[in-house]
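Data from data_34.txt: compact mmCIF, C-alpha atoms and all ligand atoms
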# COMPACT_ATOMS: atom_id res chain seq x y z
CA MET A 1 0.90 22.59 37.23
CA LYS A 2 0.36 19.00 36.58
CA LYS A 3 0.74 17.59 33.16
CA LEU A 4 -0.14 14.37 31.51
CA ALA A 5 3.00 13.48 29.71
CA ILE A 6 3.75 9.82 29.68
CA VAL A 7 0.29 8.37 29.55
CA ILE A 8 -0.68 10.71 26.86
CA VAL A 9 2.31 10.24 24.61
CA VAL A 10 0.58 7.08 23.50
CA PHE A 11 -2.35 9.09 22.30
CA VAL A 12 -0.38 11.47 20.15
CA VAL A 13 -0.88 9.21 17.18
CA PHE A 14 -4.63 9.61 17.36
CA LEU A 15 -4.60 13.32 17.77
CA SER A 16 -3.49 14.28 14.34
CA GLY A 17 -2.80 17.88 13.53
CA CYS A 18 -4.04 20.98 15.22
CA HIS A 19 -7.11 22.69 14.01
CA LEU A 20 -7.10 26.30 14.91
CA GLN A 21 -10.52 27.77 14.72
CA SER A 22 -11.45 31.36 14.76
CA SER A 23 -12.71 31.70 18.28
CA THR A 24 -14.20 35.12 17.83
CA ASN A 25 -16.80 34.45 15.15
CA VAL A 26 -19.65 33.89 17.53
CA LYS A 27 -19.14 37.09 19.45
CA GLN A 28 -18.63 39.06 16.29
CA LYS A 29 -21.80 37.75 14.72
CA GLN A 30 -23.80 38.85 17.73
CA ASN A 31 -22.59 42.34 17.23
CA LYS A 32 -25.09 43.26 14.51
CA LYS A 33 -25.68 46.87 15.39
CA ALA A 34 -22.04 47.92 15.38
CA PRO A 35 -21.35 51.08 13.40
CA VAL A 36 -19.71 50.40 10.07
CA MET A 37 -16.05 51.37 9.91
CA THR A 38 -14.30 52.36 6.72
CA THR A 39 -11.33 50.31 5.57
CA GLU A 40 -9.13 53.25 6.43
CA GLU A 41 -10.51 53.44 9.97
CA ILE A 42 -10.09 49.72 10.49
CA LYS A 43 -6.48 49.88 9.33
CA ARG A 44 -5.73 52.75 11.65
CA GLU A 45 -7.40 51.07 14.62
CA GLN A 46 -5.57 47.82 13.92
CA GLN A 47 -2.23 49.57 13.92
CA ALA A 48 -3.11 51.44 17.12
CA ALA A 49 -4.20 48.21 18.80
CA LYS A 50 -1.02 46.48 17.70
CA ASP A 51 1.14 49.26 19.14
CA TYR A 52 -0.92 49.09 22.32
CA PHE A 53 -0.62 45.32 22.78
CA GLU A 54 3.12 45.43 22.10
CA LYS A 55 3.29 46.94 25.58
CA MET A 56 1.65 43.77 26.91
CA ILE A 57 4.38 41.71 25.22
CA LEU A 58 6.94 43.96 26.89
CA ALA A 59 5.27 43.31 30.24
CA VAL A 60 5.56 39.57 29.60
CA ASN A 61 9.26 39.91 28.85
CA GLU A 62 9.80 41.98 31.96
CA HIS A 63 7.66 39.61 34.08
CA ASN A 64 5.65 42.66 35.10
CA LYS A 65 2.48 41.11 36.49
CA GLU A 66 0.57 44.29 37.20
CA GLN A 67 1.28 45.71 33.77
CA PHE A 68 0.42 42.41 32.05
CA LEU A 69 -2.87 42.10 33.93
CA SER A 70 -3.87 45.64 32.95
CA PHE A 71 -4.34 44.29 29.40
CA GLN A 72 -6.77 41.56 30.51
CA ASN A 73 -10.53 41.93 30.89
CA ASP A 74 -10.74 42.17 34.66
CA ALA A 75 -14.51 41.68 34.62
CA ASN A 76 -13.67 38.05 33.78
CA LYS A 77 -12.19 37.06 37.14
CA LEU A 78 -11.40 33.43 36.35
CA PHE A 79 -9.64 34.42 33.13
CA CYS A 80 -7.60 37.05 34.97
CA ARG A 81 -6.46 34.54 37.57
CA GLU A 82 -5.57 32.10 34.82
CA GLN A 83 -3.62 34.81 33.02
CA GLU A 84 -1.76 35.54 36.23
CA ALA A 85 -0.91 31.83 36.44
CA TRP A 86 0.08 31.99 32.76
CA LEU A 87 2.67 34.67 33.44
CA LEU A 88 4.03 32.65 36.36
CA GLY A 89 4.20 29.71 33.96
CA VAL A 90 6.32 31.79 31.59
CA MET A 91 8.67 32.69 34.42
CA GLN A 92 8.92 29.06 35.47
CA LYS A 93 9.69 27.96 31.91
CA ARG A 94 12.43 30.54 31.58
CA LYS A 95 13.87 29.43 34.90
CA GLU A 96 14.00 25.88 33.56
CA GLY A 97 16.09 27.12 30.67
CA TRP A 98 13.44 27.54 27.98
CA ASN A 99 13.80 30.28 25.47
CA PHE A 100 10.33 31.80 25.51
CA ASP A 101 8.78 34.49 23.39
CA GLU A 102 5.34 35.72 22.56
CA VAL A 103 4.61 37.42 19.25
CA ILE A 104 1.54 39.27 17.97
CA LYS A 105 0.79 37.59 14.65
CA ASP A 106 -2.35 39.46 13.74
CA ILE A 107 -4.96 41.84 15.03
CA ASN A 108 -8.40 42.08 13.52
CA ILE A 109 -10.90 44.79 14.26
CA SER A 110 -14.52 44.06 13.42
CA SER A 111 -16.18 47.06 15.03
CA PRO A 112 -15.06 50.08 17.07
CA ASP A 113 -15.06 48.01 20.26
CA LYS A 114 -14.54 44.38 19.18
CA GLY A 115 -11.87 42.37 17.48
CA SER A 116 -9.35 39.60 17.99
CA ILE A 117 -5.66 39.15 18.59
CA GLU A 118 -3.69 36.18 17.34
CA LEU A 119 -0.68 35.33 19.48
CA GLU A 120 2.18 33.00 18.74
CA ILE A 121 3.89 31.37 21.70
CA ASN A 122 7.38 30.11 20.90
CA MET A 123 9.34 27.86 23.19
CA LYS A 124 12.80 26.47 22.57
CA LYS A 125 15.17 24.41 24.64
CA GLN A 126 18.11 22.64 23.02
CA LYS A 127 16.57 20.54 20.23
CA LYS A 128 13.02 20.94 21.48
CA LYS A 129 11.04 23.58 19.65
CA TYR A 130 7.35 24.43 19.91
CA SER A 131 5.19 27.11 18.41
CA ASN A 132 1.56 27.43 19.44
CA HIS A 133 -1.07 29.89 18.28
CA ILE A 134 -4.08 31.22 20.11
CA THR A 135 -6.63 33.80 19.04
CA TYR A 136 -8.28 35.76 21.84
CA PRO A 137 -11.19 38.15 21.47
CA ILE A 138 -10.41 41.75 22.34
CA ILE A 139 -12.94 44.28 23.55
CA LYS A 140 -12.69 47.99 24.14
CA ILE A 141 -13.60 49.04 27.67
CA ASP A 142 -13.46 52.72 28.64
CA GLY A 143 -11.37 53.53 25.60
CA ASN A 144 -8.79 50.75 26.12
CA TRP A 145 -8.50 47.39 24.42
CA LYS A 146 -8.58 44.35 26.73
CA MET A 147 -7.89 40.74 25.98
CA ASP A 148 -10.69 38.36 26.90
CA ASP A 149 -10.97 34.60 27.19
CA LEU A 150 -11.99 32.38 24.29
CA PRO A 151 -15.76 32.52 23.68
CA PHE A 152 -16.67 29.77 26.13
CA MET A 153 -20.28 28.80 26.77
CA LYS A 154 -21.24 27.52 30.21
CA ARG A 155 -23.20 24.75 31.88
CA SER A 156 -23.24 23.84 35.54
CA ASP A 157 -24.16 20.87 37.67
CA GLY A 158 -23.67 21.12 41.43
CA PRO A 159 -20.13 22.38 42.06
CA ILE A 160 -19.10 21.81 38.46
CA GLN A 161 -18.85 24.81 36.19
CA LEU A 162 -18.26 23.56 32.68
CA TYR A 163 -16.95 26.02 30.10
CA TYR A 164 -16.87 24.79 26.50
CA LEU A 165 -16.21 26.27 23.10
CA PRO A 166 -19.20 26.51 20.73
CA SER A 167 -17.71 23.81 18.50
CA LEU A 168 -18.05 21.37 21.43
CA LYS A 169 -21.69 21.96 22.25
CA ASN A 170 -22.61 18.44 21.17
CA GLN A 171 -20.07 16.94 23.56
CA ALA A 172 -20.60 19.26 26.53
CA GLU A 173 -23.56 17.45 28.02
CA ALA A 174 -21.91 14.03 27.97
CA VAL A 175 -18.67 15.44 29.40
CA LEU A 176 -20.58 17.17 32.17
CA ALA A 177 -22.46 13.98 33.05
CA ASP A 178 -19.23 11.96 33.19
CA VAL A 179 -17.28 14.50 35.16
CA ARG A 180 -20.12 14.80 37.65
CA LYS A 181 -20.00 11.04 38.22
CA ILE A 182 -16.22 11.08 38.60
CA VAL A 183 -16.39 13.95 41.10
CA ASN A 184 -19.10 12.09 43.02
CA VAL A 185 -16.95 8.96 43.28
CA TYR A 186 -13.95 10.94 44.49
CA MET A 187 -16.09 12.84 47.00
CA GLU A 188 -17.22 9.49 48.37
CA LYS A 189 -13.72 8.03 48.71
CA PHE A 190 -11.78 11.12 49.78
CA PRO A 191 -12.36 13.94 52.26
CA TRP A 192 -13.28 16.28 49.43
CA ASP A 193 -16.22 18.63 49.32
CA PRO A 194 -15.57 21.01 46.44
CA LYS A 195 -17.33 24.36 46.32
CA GLU A 196 -16.49 25.02 42.71
CA VAL A 197 -14.78 22.91 40.07
CA ASN A 198 -14.03 24.99 36.99
CA ILE A 199 -13.51 22.96 33.85
CA LYS A 200 -12.64 24.34 30.43
CA LEU A 201 -12.93 22.27 27.29
CA TYR A 202 -10.74 23.09 24.31
CA ASP A 203 -11.04 21.93 20.72
CA SER A 204 -7.47 22.70 19.74
CA LEU A 205 -4.27 21.29 21.18
CA GLU A 206 -2.43 24.46 20.19
CA GLU A 207 -4.81 26.82 21.93
CA LEU A 208 -4.92 24.69 25.06
CA SER A 209 -1.12 24.51 25.20
CA ALA A 210 -0.71 28.22 24.48
CA SER A 211 -3.15 29.12 27.24
CA VAL A 212 -1.10 27.43 29.98
CA PRO A 213 1.71 27.91 28.59
CA TRP A 214 3.12 24.48 27.87
CA GLU A 215 4.88 22.85 24.94
CA SER A 216 2.05 20.52 24.10
CA LEU A 217 -0.55 19.14 26.45
CA TYR A 218 -3.90 17.42 26.42
CA GLY A 219 -4.98 18.08 29.96
CA VAL A 220 -3.89 20.21 32.88
CA SER A 221 -5.06 21.11 36.34
CA LEU A 222 -4.16 24.59 37.53
CA SER A 223 -4.10 24.20 41.28
CA LEU A 224 -7.09 25.72 43.06
CA LEU A 225 -8.17 27.42 39.84
CA SER A 226 -9.41 25.37 36.93
CA LEU A 227 -8.78 22.27 34.94
CA LYS A 228 -8.54 22.28 31.19
CA PHE A 229 -8.54 19.57 28.64
CA LEU A 230 -8.82 18.81 24.99
CA VAL A 231 -11.98 17.14 23.79
CA GLU A 232 -11.54 14.80 20.90
CA THR A 233 -14.87 14.72 19.14
CA ASN A 234 -14.39 11.18 17.88
CA ASN A 235 -12.68 9.56 20.83
CA THR A 236 -14.60 9.79 24.05
CA ASP A 237 -12.30 7.25 25.74
CA ILE A 238 -9.41 9.70 25.57
CA THR A 239 -11.57 12.46 27.00
CA PHE A 240 -12.71 10.19 29.80
CA GLY A 241 -9.12 9.18 30.56
CA LEU A 242 -8.09 12.82 30.77
CA MET A 243 -10.97 13.73 33.04
CA LYS A 244 -10.50 11.02 35.63
CA HIS A 245 -6.79 11.87 35.82
CA GLU A 246 -7.05 15.67 35.97
CA VAL A 247 -9.87 15.67 38.52
CA VAL A 248 -7.56 13.80 40.94
CA HIS A 249 -5.08 16.69 40.63
CA THR A 250 -7.77 19.22 41.39
CA MET A 251 -8.97 17.22 44.38
CA LEU A 252 -5.50 16.53 45.75
CA ALA A 253 -4.60 20.23 45.58
CA GLU A 254 -7.73 21.07 47.55
CA ILE A 255 -7.41 18.39 50.23
CA THR A 256 -3.76 19.27 50.92
CA ASN A 257 -3.95 23.07 50.60
CA ASP A 258 -1.87 22.61 47.45
CA ASN A 259 0.95 21.00 49.42
CA ALA A 260 1.33 17.85 47.34
CA PRO A 261 4.57 17.82 45.31
CA ASN A 262 4.72 16.78 41.66
CA PHE A 263 5.59 13.13 42.25
CA MET A 264 2.71 12.75 44.70
CA GLN A 265 0.31 14.54 42.35
CA GLU A 266 1.12 12.40 39.33
CA GLY A 267 1.47 9.24 41.39
CA LEU A 268 -1.96 9.54 42.94
CA ALA A 269 -3.59 10.76 39.71
CA MET A 270 -2.39 7.67 37.86
CA PHE A 271 -3.09 5.30 40.72
CA ILE A 272 -6.63 6.51 41.41
CA SER A 273 -7.64 7.01 37.80
CA ASP A 274 -6.58 3.42 37.04
CA ALA A 275 -9.25 2.34 39.50
CA ILE A 276 -12.02 4.17 37.64
CA THR A 277 -13.83 2.33 34.88
CA LYS A 278 -16.73 3.40 32.74
CA GLU A 279 -19.06 0.50 32.16
CA PRO A 280 -20.87 0.11 28.82
CA SER A 281 -24.03 1.20 30.67
CA GLY A 282 -22.36 4.55 31.39
CA GLU A 283 -22.07 3.74 35.07
CA ILE A 284 -18.75 4.56 36.70
CA THR A 285 -17.10 2.08 39.05
CA PHE A 286 -14.19 2.46 41.45
CA ASN A 287 -12.08 -0.56 42.25
CA LEU A 288 -8.59 -0.31 43.70
CA GLU A 289 -7.97 -4.07 43.73
CA GLY A 290 -5.76 -5.10 40.87
CA ALA A 291 -6.52 -1.96 38.89
CA SER A 292 -2.85 -1.12 38.54
CA THR A 293 -1.06 -4.38 37.86
CA GLU A 294 -0.69 -3.72 34.14
CA ARG A 295 0.92 -0.34 34.64
CA GLU A 296 3.16 -1.72 37.38
CA THR A 297 4.42 -4.53 35.15
CA ILE A 298 5.28 -2.14 32.32
CA LEU A 299 7.16 0.17 34.66
CA LEU A 300 9.06 -2.65 36.36
CA LYS A 301 10.25 -3.88 32.98
CA ASN A 302 11.60 -0.43 32.12
CA ILE A 303 12.98 0.96 35.36
CA LYS A 304 16.49 -0.05 36.31
CA SER A 305 16.77 1.46 39.77
CA PHE A 306 14.33 2.84 42.29
CA LYS A 307 15.66 6.21 43.40
CA PRO A 308 15.18 7.26 47.01
CA ILE A 309 12.06 9.33 47.63
CA SER A 310 14.16 12.33 48.66
CA TYR A 311 15.42 12.49 45.03
CA LEU A 312 11.97 13.02 43.58
CA ASN A 313 12.09 16.77 44.01
CA THR A 314 12.22 17.65 40.35
CA ASN A 315 10.32 19.62 37.71
CA TYR A 316 8.44 18.48 34.62
CA THR A 317 11.11 19.66 32.20
CA ASP A 318 14.06 17.84 33.75
CA GLY A 319 12.52 14.99 35.66
CA SER A 320 9.14 14.06 34.26
CA ILE A 321 10.06 10.37 34.04
CA ASP A 322 10.74 10.27 37.77
CA ILE A 323 7.68 12.34 38.59
CA TYR A 324 5.38 9.96 36.71
CA SER A 325 7.04 6.55 36.94
CA LEU A 326 8.58 6.64 40.40
CA GLY A 327 5.79 8.89 41.68
CA TYR A 328 3.39 6.20 40.60
CA LEU A 329 5.40 3.34 42.09
CA VAL A 330 5.83 5.08 45.46
CA THR A 331 2.10 5.83 45.65
CA ASN A 332 1.21 2.32 44.57
CA TYR A 333 3.54 0.88 47.22
CA LEU A 334 2.17 3.07 50.01
CA ILE A 335 -1.50 2.47 49.31
CA THR A 336 -1.17 -1.22 48.45
CA THR A 337 0.97 -1.96 51.50
CA PHE A 338 -0.46 0.31 54.17
CA GLY A 339 -3.95 1.06 52.83
CA LEU A 340 -5.79 4.10 51.56
CA ASP A 341 -6.78 5.29 55.04
CA LYS A 342 -3.17 5.59 56.11
CA TYR A 343 -2.42 7.52 52.93
CA LEU A 344 -5.30 9.87 53.68
CA GLU A 345 -3.85 10.37 57.16
CA MET A 346 -0.64 11.53 55.51
CA LEU A 347 -2.60 13.91 53.27
CA SER A 348 -4.40 15.33 56.29
CA GLU A 349 -0.99 16.26 57.70
CA LEU A 350 -0.43 18.33 54.57
CA LYS A 351 -3.82 19.99 54.94
CA LYS A 352 -2.62 21.41 58.27
CA GLU A 353 -0.07 23.50 56.38
CA ASP A 354 -1.06 26.81 54.82
CA ILE A 355 -1.35 27.53 51.12
CA ILE A 356 1.82 28.97 49.64
CA GLU A 357 1.27 31.70 47.08
CA ASN A 358 2.10 30.62 43.54
CA ASP A 359 4.49 33.50 43.05
CA ASN A 360 6.67 32.32 45.93
CA GLU A 361 9.68 31.05 44.05
CA ASN A 362 10.49 28.56 46.79
CA LYS A 363 7.03 27.03 46.66
CA GLU A 364 8.10 23.72 45.12
CA LYS A 365 10.97 23.31 47.57
CA ILE A 366 8.84 24.09 50.61
CA ILE A 367 6.05 21.77 49.48
CA PHE A 368 8.49 18.94 48.91
CA LYS A 369 9.90 19.35 52.40
CA ARG A 370 6.43 19.38 53.90
CA ALA A 371 5.54 16.22 52.01
CA ILE A 372 8.62 14.41 53.28
CA ASN A 373 7.75 15.48 56.83
CA ALA A 374 4.17 14.26 56.45
CA MET A 375 5.41 10.93 55.07
CA GLU A 376 7.85 10.51 57.96
CA LYS A 377 5.15 11.31 60.47
CA THR A 378 2.85 8.71 58.94
CA TYR A 379 5.20 5.99 57.69
CA GLY A 380 8.45 6.50 59.62
CA PRO A 381 11.94 7.64 58.54
CA ILE A 382 12.12 8.46 54.83
CA ASP A 383 15.39 6.56 54.24
CA LYS A 384 13.87 3.41 55.60
CA LEU A 385 10.75 3.95 53.53
CA SER A 386 12.85 4.48 50.39
CA LYS A 387 14.71 1.25 51.02
CA ALA A 388 11.49 -0.61 51.69
CA TYR A 389 9.81 0.51 48.46
CA ALA A 390 12.94 -0.28 46.43
CA ALA A 391 13.16 -3.74 48.01
CA TYR A 392 9.47 -4.32 47.33
CA TYR A 393 9.89 -3.59 43.61
CA ASN A 394 13.27 -5.29 43.23
CA LYS A 395 11.66 -8.44 44.51
CA LYS A 396 8.79 -8.02 42.05
CA LYS A 397 11.27 -7.45 39.24
CA LEU A 398 12.96 -10.74 40.03
CA GLU A 399 9.63 -12.54 40.11
CA LEU A 400 8.76 -11.08 36.72
CA LYS A 401 12.06 -12.30 35.30
CA SER A 402 11.69 -15.80 36.68
CA ASN A 403 8.14 -16.01 35.31
CA ASN A 404 9.30 -15.19 31.79
ZN ZN B 501 -1.16 14.57 35.70

Mind turning this structure into structure tokens?
Amino acid sequence: MKKLAIVIVVFVVFLSGCHLQSSTNVKQKQNKKAPVMTTEEIKREQQAAKDYFEKMILAVNEHNKEQFLSFQNDANKLFCREQEAWLLGVMQKRKEGWNFDEVIKDINISSPDKGSIELEINMKKQKKKYSNHITYPIIKIDGNWKMDDLPFMKRSDGPIQLYYLPSLKNQAEAVLADVRKIVNVYMEKFPWDPKEVNIKLYDSLEELSASVPWESLYGVSLSLLSLKFLVETNNTDITFGLMKHEVVHTMLAEITNDNAPNFMQEGLAMFISDAITKEPSGEITFNLEGASTERETILLKNIKSFKPISYLNTNYTDGSIDIYSLGYLVTNYLITTFGLDKYLEMLSELKKEDIIENDNENKEKIIFKRAINAMEKTYGPIDKLSKAYAAYYNKKKLELKSNN
């Protein structure tokens, strides 16, 4: 999973507070003909549903995928695959040393076969502590309660399937138009011909984070599955920034059979999205020349040493600075020095490899090794390349100093 961490930290100030909204209202309102239940019946059903879903929590704690998925609405295929990825995310977080637990905060029953479940996702690691809430609809199918996705509405344009919450219906059209233009530009510049790009728009930082699961995030691309991001109703620039970044992740996963490691993913996402500008006319332009100088200068001022590329095999919890900063600098160096075509050649080497299943616990290791091989095949020995990129930036650092 690829996260926007560094870039987005800057935006935290603007995104004040989390507004949880009841996501089930719309569905419940549609259910006009439901038989009326007595208070007693509702209470009983709520207790029964709570006991039932406690078994789902148990499945989460035991990392029992099959059991966990049996509580999800399997008619909603995309949601089920995302929930599968969610459970893998939990396992990954625990492996990284996070204390993770999921708690049922509330269950509401509105009719014999509809209701909602409010979940609290708690994550703790040393001094870091997060608690996110999400309220999913539940529906009764063949006598059993199932959890369903938030009540997304849908619009499509070409390969883009845009899912948005009812509260975002005024933004959906503009987002869809922008994302279509971004996808078109990327399709033009890269060997990418997407069949389906699933995008989900959230109106709450908490619900988005809880659905991944992640401590706190504004945008994410789940490889070969969907990309999700928060839509700020009063700041379309932030939304646009998230889109152009996350779509690169989606594309890169597809054109490499998901064989691009974290540093390559974040590096390219930052590098390419810097080149995308939305003109006041609404037109979107792509210009690699000079697009990144500002970011490069900031990084050069802050980074003391340029670690060898073979050290960039790290996860988002322990090494996000390297993944973003050095990932960016390596990518910037490769494309600026040797050109985009050469870089695409390297990516095509990765496309020759097969897709590794997400539940393969060695996936990250294998991918990293493949990436190093592809880089060596394209650019030569990795040690030499590491020295060359470090020398390139050390020289630039000196120039910066002497200019000041
Ligand atoms: Zn990213």

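Atom pair atom CA of A:Val220 / atom CA of A:Ile255 has a distance of 17.8 Å (rounded to one decimal).
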
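The spacing separating atom CA of A:Leu344 from atom CA of A:Tyr316 amounts to 25.0 Å.
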
Practice problem: Enumerate residues in contact with ligand ZN 501 (chain B): an atom-to-atom distance of at most 12 Å, counting all atoms listed in the file. Format the result as a PyMOL selection string. | Solution: chain A and resi 1-8+217-223+227-229+241-253+261-273+316+320+323-325+327-328

Residues near A:Arg370, cut-off 10 Å, only C-alpha atoms, skip fewer than 6 positions along chain, as a tab-separated table (two decimals) with C-alpha atoms, keeping the file's coordinate frame:
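Printed below is out_22.tsv as written:
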chain	number	residue	atom	x	y	z
A	259	ASN	CA	0.95	21.00	49.42
A	260	ALA	CA	1.33	17.85	47.34
A	261	PRO	CA	4.57	17.82	45.31
A	349	GLU	CA	-0.99	16.26	57.70
A	350	LEU	CA	-0.43	18.33	54.57
A	353	GLU	CA	-0.07	23.50	56.38
A	364	GLU	CA	8.10	23.72	45.12
A	376	GLU	CA	7.85	10.51	57.96

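In this model, the gap between atom CA of A:Phe368 and atom CA of A:Ile309 comes to 10.3 Å.
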
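Closest approach to A:Pro35 among A:Glu54, A:Asp113, A:Glu84, A:Asp74 is made by A:Asp113 (distances from all atoms listed in the file).
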
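Candidate residues A:Met91, A:Ile382, A:Leu326, A:Ile355 were compared for distance to A:Thr314, and the nearest is A:Leu326, using all atoms listed in the file.
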
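Here the question is which of A:Ser348, A:Ile284, A:Tyr379, A:Tyr389 gets nearest to A:Pro308 using all atoms listed in the file, and that residue is A:Tyr389.
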
For stretch 94-97 of chain A, list every protein, DNA or RNA residue within 9 Å, evaluated using all atoms listed in the file, and leave out those in the same chain fewer than 4 positions away; present the list as a PDB file with C-alpha atoms, in the coordinates of the input.
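Writing done, so here's part.pdb:
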ATOM      1  CA  GLY A  89       4.200  29.710  33.960  1.00  0.00           C
ATOM      2  CA  VAL A  90       6.320  31.790  31.590  1.00  0.00           C
ATOM      3  CA  LYS A 124      12.800  26.470  22.570  1.00  0.00           C
ATOM      4  CA  LYS A 125      15.170  24.410  24.640  1.00  0.00           C
ATOM      5  CA  ASN A 315      10.320  19.620  37.710  1.00  0.00           C
ATOM      6  CA  THR A 317      11.110  19.660  32.200  1.00  0.00           C
ATOM      7  CA  ASP A 318      14.060  17.840  33.750  1.00  0.00           C
TER       8      ASP A 318
END
